[in-house]
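Peer 1: What follows is entry-v6.txt, compact mmCIF, C-alpha atoms and all ligand atoms.
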# COMPACT_ATOMS: atom_id res chain seq x y z
CA MET A 1 51.56 -39.87 48.28
CA SER A 2 54.74 -38.08 49.21
CA MET A 3 56.11 -38.77 45.73
CA ALA A 4 52.93 -37.52 44.05
CA HIS A 5 53.06 -34.40 46.22
CA ARG A 6 56.66 -33.76 45.18
CA LEU A 7 55.69 -34.20 41.54
CA ASP A 8 53.57 -31.01 41.73
CA VAL A 9 51.36 -31.82 38.74
CA ARG A 10 49.44 -28.84 37.33
CA PRO A 11 46.34 -28.90 35.11
CA GLY A 12 47.24 -29.74 31.52
CA HIS A 13 50.52 -31.49 32.38
CA LYS A 14 51.29 -34.76 30.62
CA VAL A 15 52.14 -37.28 33.34
CA LEU A 16 54.06 -40.55 33.00
CA ASP A 17 53.46 -42.97 35.87
CA VAL A 18 56.24 -45.59 35.78
CA GLY A 19 55.24 -48.82 37.51
CA THR A 20 51.48 -49.25 37.09
CA GLY A 21 51.25 -52.06 39.66
CA SER A 22 47.70 -52.07 41.00
CA GLY A 23 46.82 -48.95 39.00
CA TYR A 24 46.35 -46.90 42.16
CA SER A 25 48.73 -44.05 41.34
CA ALA A 26 47.53 -43.95 37.72
CA GLY A 27 43.95 -43.78 39.01
CA LEU A 28 44.74 -40.88 41.33
CA PHE A 29 46.43 -38.89 38.55
CA ALA A 30 43.69 -39.69 36.03
CA ARG A 31 40.90 -38.64 38.35
CA ARG A 32 42.60 -35.39 39.30
CA PHE A 33 44.17 -34.37 35.97
CA GLY A 34 42.15 -36.20 33.32
CA ASP A 35 42.53 -39.60 31.66
CA GLU A 36 43.91 -37.98 28.50
CA ASN A 37 46.87 -36.52 30.41
CA VAL A 38 48.04 -39.73 32.08
CA THR A 39 50.14 -42.59 30.75
CA SER A 40 51.08 -45.46 33.02
CA VAL A 41 53.55 -48.21 32.10
CA ASP A 42 54.51 -51.51 33.65
CA MET A 43 56.72 -54.26 32.30
CA ASP A 44 54.30 -56.94 33.50
CA PRO A 45 51.50 -57.40 30.90
CA TYR A 46 49.30 -59.23 33.40
CA LEU A 47 49.44 -56.30 35.84
CA VAL A 48 48.76 -53.85 33.01
CA GLU A 49 45.65 -55.71 31.90
CA ALA A 50 44.41 -56.14 35.49
CA ALA A 51 44.98 -52.45 36.22
CA ARG A 52 43.24 -51.38 33.01
CA THR A 53 40.19 -53.47 33.93
CA ARG A 54 40.22 -52.24 37.53
CA LEU A 55 40.50 -48.60 36.49
CA ALA A 56 37.69 -49.00 33.94
CA GLU A 57 35.45 -50.29 36.73
CA PHE A 58 35.95 -46.89 38.37
CA GLY A 59 35.27 -45.10 35.08
CA ARG A 60 38.94 -44.20 34.52
CA THR A 61 40.68 -44.73 31.19
CA PRO A 62 44.26 -43.43 31.34
CA ARG A 63 46.63 -44.86 28.75
CA VAL A 64 48.12 -48.04 30.29
CA ALA A 65 50.83 -49.86 28.38
CA ALA A 66 53.00 -52.95 28.85
CA VAL A 67 56.42 -51.39 28.40
CA ASP A 68 59.84 -51.87 29.96
CA ALA A 69 60.37 -48.26 31.03
CA THR A 70 64.15 -48.57 30.84
CA GLY A 71 63.67 -48.54 27.03
CA GLU A 72 61.61 -46.33 24.75
CA LEU A 73 58.47 -44.71 26.16
CA PRO A 74 54.98 -44.67 24.58
CA GLU A 75 55.07 -40.90 23.96
CA PRO A 76 57.97 -38.57 23.18
CA GLU A 77 57.34 -35.83 25.79
CA TYR A 78 56.09 -35.50 29.35
CA ASP A 79 55.87 -32.66 31.87
CA ARG A 80 56.02 -34.97 34.86
CA ILE A 81 57.50 -38.44 35.40
CA MET A 82 56.98 -40.35 38.63
CA ALA A 83 58.60 -43.75 39.09
CA THR A 84 57.41 -46.07 41.83
CA VAL A 85 60.10 -48.50 40.72
CA SER A 86 63.66 -47.61 41.62
CA VAL A 87 66.23 -47.29 38.87
CA ARG A 88 69.93 -46.91 38.39
CA PRO A 89 70.92 -45.34 36.14
CA VAL A 90 67.95 -43.10 35.46
CA PRO A 91 66.95 -44.29 31.96
CA ALA A 92 68.10 -42.01 29.15
CA SER A 93 64.62 -42.23 27.60
CA TRP A 94 63.12 -40.47 30.65
CA LEU A 95 65.61 -37.64 30.44
CA ARG A 96 65.05 -37.26 26.71
CA ALA A 97 61.26 -37.24 27.22
CA LEU A 98 61.18 -34.72 30.08
CA ARG A 99 60.32 -31.25 28.76
CA PRO A 100 62.37 -28.25 29.90
CA GLY A 101 60.84 -27.19 33.21
CA GLY A 102 59.56 -30.75 33.65
CA ARG A 103 59.96 -32.66 36.85
CA LEU A 104 61.08 -36.21 37.66
CA VAL A 105 60.49 -37.97 40.98
CA THR A 106 62.18 -41.33 41.45
CA THR A 107 64.06 -43.44 43.92
CA ILE A 108 67.58 -44.54 43.04
CA ALA A 109 68.14 -48.30 43.18
CA HIS A 110 70.50 -49.62 45.88
CA THR A 111 70.23 -46.37 47.84
CA ALA A 112 67.58 -44.90 50.14
CA LEU A 113 67.39 -41.78 48.01
CA LEU A 114 64.29 -40.11 46.67
CA ILE A 115 65.23 -37.64 43.94
CA THR A 116 63.12 -34.72 42.73
CA ALA A 117 64.84 -33.31 39.64
CA GLU A 118 63.88 -30.37 37.41
CA MET A 119 64.84 -30.44 33.72
CA GLY A 120 66.80 -27.40 32.69
CA PRO A 121 66.93 -25.81 29.22
CA ASP A 122 70.37 -27.43 28.76
CA GLY A 123 69.06 -31.01 28.97
CA VAL A 124 70.39 -31.55 32.51
CA ALA A 125 67.86 -32.53 35.18
CA ARG A 126 69.04 -31.14 38.51
CA ALA A 127 68.01 -32.21 41.98
CA GLU A 128 69.02 -29.92 44.80
CA ASP A 129 67.86 -32.08 47.68
CA GLY A 130 68.11 -35.85 47.62
CA SER A 131 66.21 -36.87 50.72
CA ALA A 132 65.27 -40.14 52.33
CA PRO A 133 61.66 -41.33 51.98
CA PRO A 134 59.64 -41.26 55.24
CA VAL A 135 59.96 -44.40 57.35
CA HIS A 136 57.25 -45.52 59.78
CA GLN A 137 58.82 -47.17 62.78
CA GLY A 138 57.37 -49.55 65.33
CA GLY A 139 58.45 -52.00 67.98
CA PRO A 140 60.80 -51.61 70.93
CA ARG A 141 63.88 -50.61 68.94
CA ARG A 142 63.65 -47.74 66.46
CA LEU A 143 66.25 -48.87 63.92
CA ARG A 144 65.72 -45.84 61.74
CA ASP A 145 66.60 -43.59 64.66
CA ASP A 146 69.80 -45.59 65.17
CA LEU A 147 70.71 -45.13 61.51
CA GLU A 148 69.97 -41.41 61.73
CA ARG A 149 72.37 -41.14 64.67
CA VAL A 150 75.08 -42.86 62.61
CA ARG A 151 74.37 -40.56 59.70
CA GLY A 152 74.60 -37.58 62.03
CA LYS A 153 78.08 -38.70 63.10
CA TRP A 154 79.16 -39.04 59.47
CA GLU A 155 77.84 -35.60 58.67
CA GLU A 156 79.57 -34.06 61.67
CA ASN A 157 82.78 -35.44 60.24
CA GLY A 158 82.05 -34.11 56.76
CA ARG A 159 81.39 -37.46 55.15
CA PHE A 160 78.39 -38.87 53.26
CA PRO A 161 76.02 -35.88 53.61
CA LEU A 162 73.28 -37.87 51.89
CA HIS A 163 70.38 -35.59 52.82
CA THR A 164 71.80 -32.50 51.22
CA LEU A 165 73.37 -33.87 48.09
CA ARG A 166 72.73 -32.58 44.60
CA ALA A 167 72.14 -34.60 41.47
CA GLU A 168 72.80 -33.94 37.80
CA LEU A 169 71.12 -36.29 35.36
CA THR A 170 71.43 -36.34 31.58
CA ALA A 171 70.54 -38.85 28.89
CA GLU A 172 74.26 -39.75 28.80
CA GLY A 173 74.49 -40.53 32.52
CA GLY A 174 74.04 -39.06 35.97
CA ALA A 175 75.88 -38.27 39.16
CA LEU A 176 75.09 -37.52 42.78
CA LEU A 177 77.30 -34.70 44.06
CA SER A 178 78.06 -33.80 47.64
CA PRO A 179 77.32 -30.12 48.42
CA ASP A 180 80.94 -29.11 48.82
CA GLY A 181 82.26 -31.30 46.02
CA PRO A 182 84.65 -33.85 47.56
CA TRP A 183 82.85 -36.87 46.14
CA VAL A 184 80.76 -37.85 43.13
CA PHE A 185 78.60 -40.97 42.94
CA THR A 186 77.66 -42.21 39.47
CA VAL A 187 74.03 -43.27 39.03
C1 LIG B 201 55.82 -50.65 43.65
S1 LIG B 201 55.06 -51.23 42.23
C2 LIG B 201 54.16 -49.88 41.62
C3 LIG B 201 52.98 -49.45 42.45
C4 LIG B 201 51.97 -48.67 41.67
N1 LIG B 201 52.41 -47.33 41.30
C5 LIG B 201 50.63 -48.62 42.36
O1 LIG B 201 50.07 -47.53 42.53
O2 LIG B 201 50.14 -49.70 42.70
C6 LIG B 201 56.39 -51.31 41.06
C7 LIG B 201 55.96 -51.78 39.69
O3 LIG B 201 57.02 -51.49 38.79
C8 LIG B 201 57.02 -52.46 37.78
N2 LIG B 201 58.31 -52.43 37.12
C9 LIG B 201 59.50 -52.92 37.55
N3 LIG B 201 60.48 -52.69 36.66
C10 LIG B 201 59.90 -52.03 35.62
C11 LIG B 201 60.38 -51.53 34.37
N4 LIG B 201 61.68 -51.65 34.02
N5 LIG B 201 59.51 -50.92 33.55
C12 LIG B 201 58.20 -50.80 33.89
N6 LIG B 201 57.70 -51.26 35.06
C13 LIG B 201 58.52 -51.86 35.91
C14 LIG B 201 56.71 -53.76 38.51
O4 LIG B 201 56.17 -54.73 37.63
C15 LIG B 201 55.71 -53.27 39.59
O5 LIG B 201 54.39 -53.50 39.18
Once more with this new file: its structure as structure tokens, please.

Peer 2:
Amino acid sequence: MSMAHRLDVRPGHKVLDVGTGSGYSAGLFARRFGDENVTSVDMDPYLVEAARTRLAEFGRTPRVAAVDATGELPEPEYDRIMATVSVRPVPASWLRALRPGGRLVTTIAHTALLITAEMGPDGVARAEDGSAPPVHQGGPRRLRDDLERVRGKWEENGRFPLHTLRAELTAEGGALLSPDGPWVFTV
């Protein structure tokens, strides 16, 4: 839900939901913004068929396609892309398909980063705030709190400021940039 909230879909936007899975996120978008505005893709044909059937039982008929989203997409342009599968690099096809002013919300594989990037008129999608997804903790030892303390130490020492980094993503490749520029991390 946090990802969908970040996506900030407006009426009339064309939405690409990457990772159909159960069909839940596609169903939410389709109900709120109209079946005709929603495309959902998953590389697993069985999941796609099951989700299509499940959604139809609720009267929802977004476009659902069995596609490996790291390759070409079913349609050439979208206003919003939300990926509930993490990627690295961000596929070039997504960056080509995102309209200027469009927004991409994705996690970056092998990191804990959730990126919200806006496509500029120059073909570069920029994220000003790579933040960590919310973590629900339980049990006697709050491991997330321990990690946050370690991160705090790093930040005090000017290293790995992961919560305030910037990102620049293009169809040719992407990079995570620290705010003051001493390091660049290719994605
Ligand atoms: C966390 S689940 C998605 C959850 C889904 N949004 C929901 O509401 O149930 C991730 C999905 O991404 C799919 N997936 C993984 N790699 C993919 C790829 N390269 N292209 C398309 N789908 C992919 C998996 O098959 C899996 O169903």

Peer 1: Step by step, gather every atom of ligand LIG 201 (chain B) that the file lists, find the box along x, y and z that holds them, add 5 Å on each side, and finally give centre and edge lengths in Å to one decimal, as JSON.

Peer 2:
{"center_x": 55.9, "center_y": -51.0, "center_z": 38.6, "size_x": 21.6, "size_y": 17.4, "size_z": 20.1}

Peer 1: Within 7 Å of ligand LIG 201 (chain B), which residues show up when you count only C-alpha atoms and all ligand atoms? List them as number ranges by chain, please.

Peer 2: A: 18-26, 41-44, 47, 67-70, 84-85

Peer 1: Could you list, as a list in words, every residue within 6 Å of Arg166 in chain A, counting only C-alpha atoms and ignoring same-chain residues fewer than 3 positions away?

Peer 2: Ala127, Glu128, Asp129, Leu176 and Leu177 of chain A

Peer 1: Taking 3 positions as the minimum chain separation for residues in the same chain, which residues sit within 9 Å of Phe29 in chain A when counting only C-alpha atoms? Answer as a PyMOL selection string.

Peer 2: chain A and resi 4+9+15+17+24-26+32-35+37-38+62

Peer 1: Using all atoms listed in the file, which of the listed residues (A:Leu55, A:Val48, A:Leu104, A:Leu169) sits closest to Met3 in chain A?

Peer 2: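 Closest candidate: A:Leu104.
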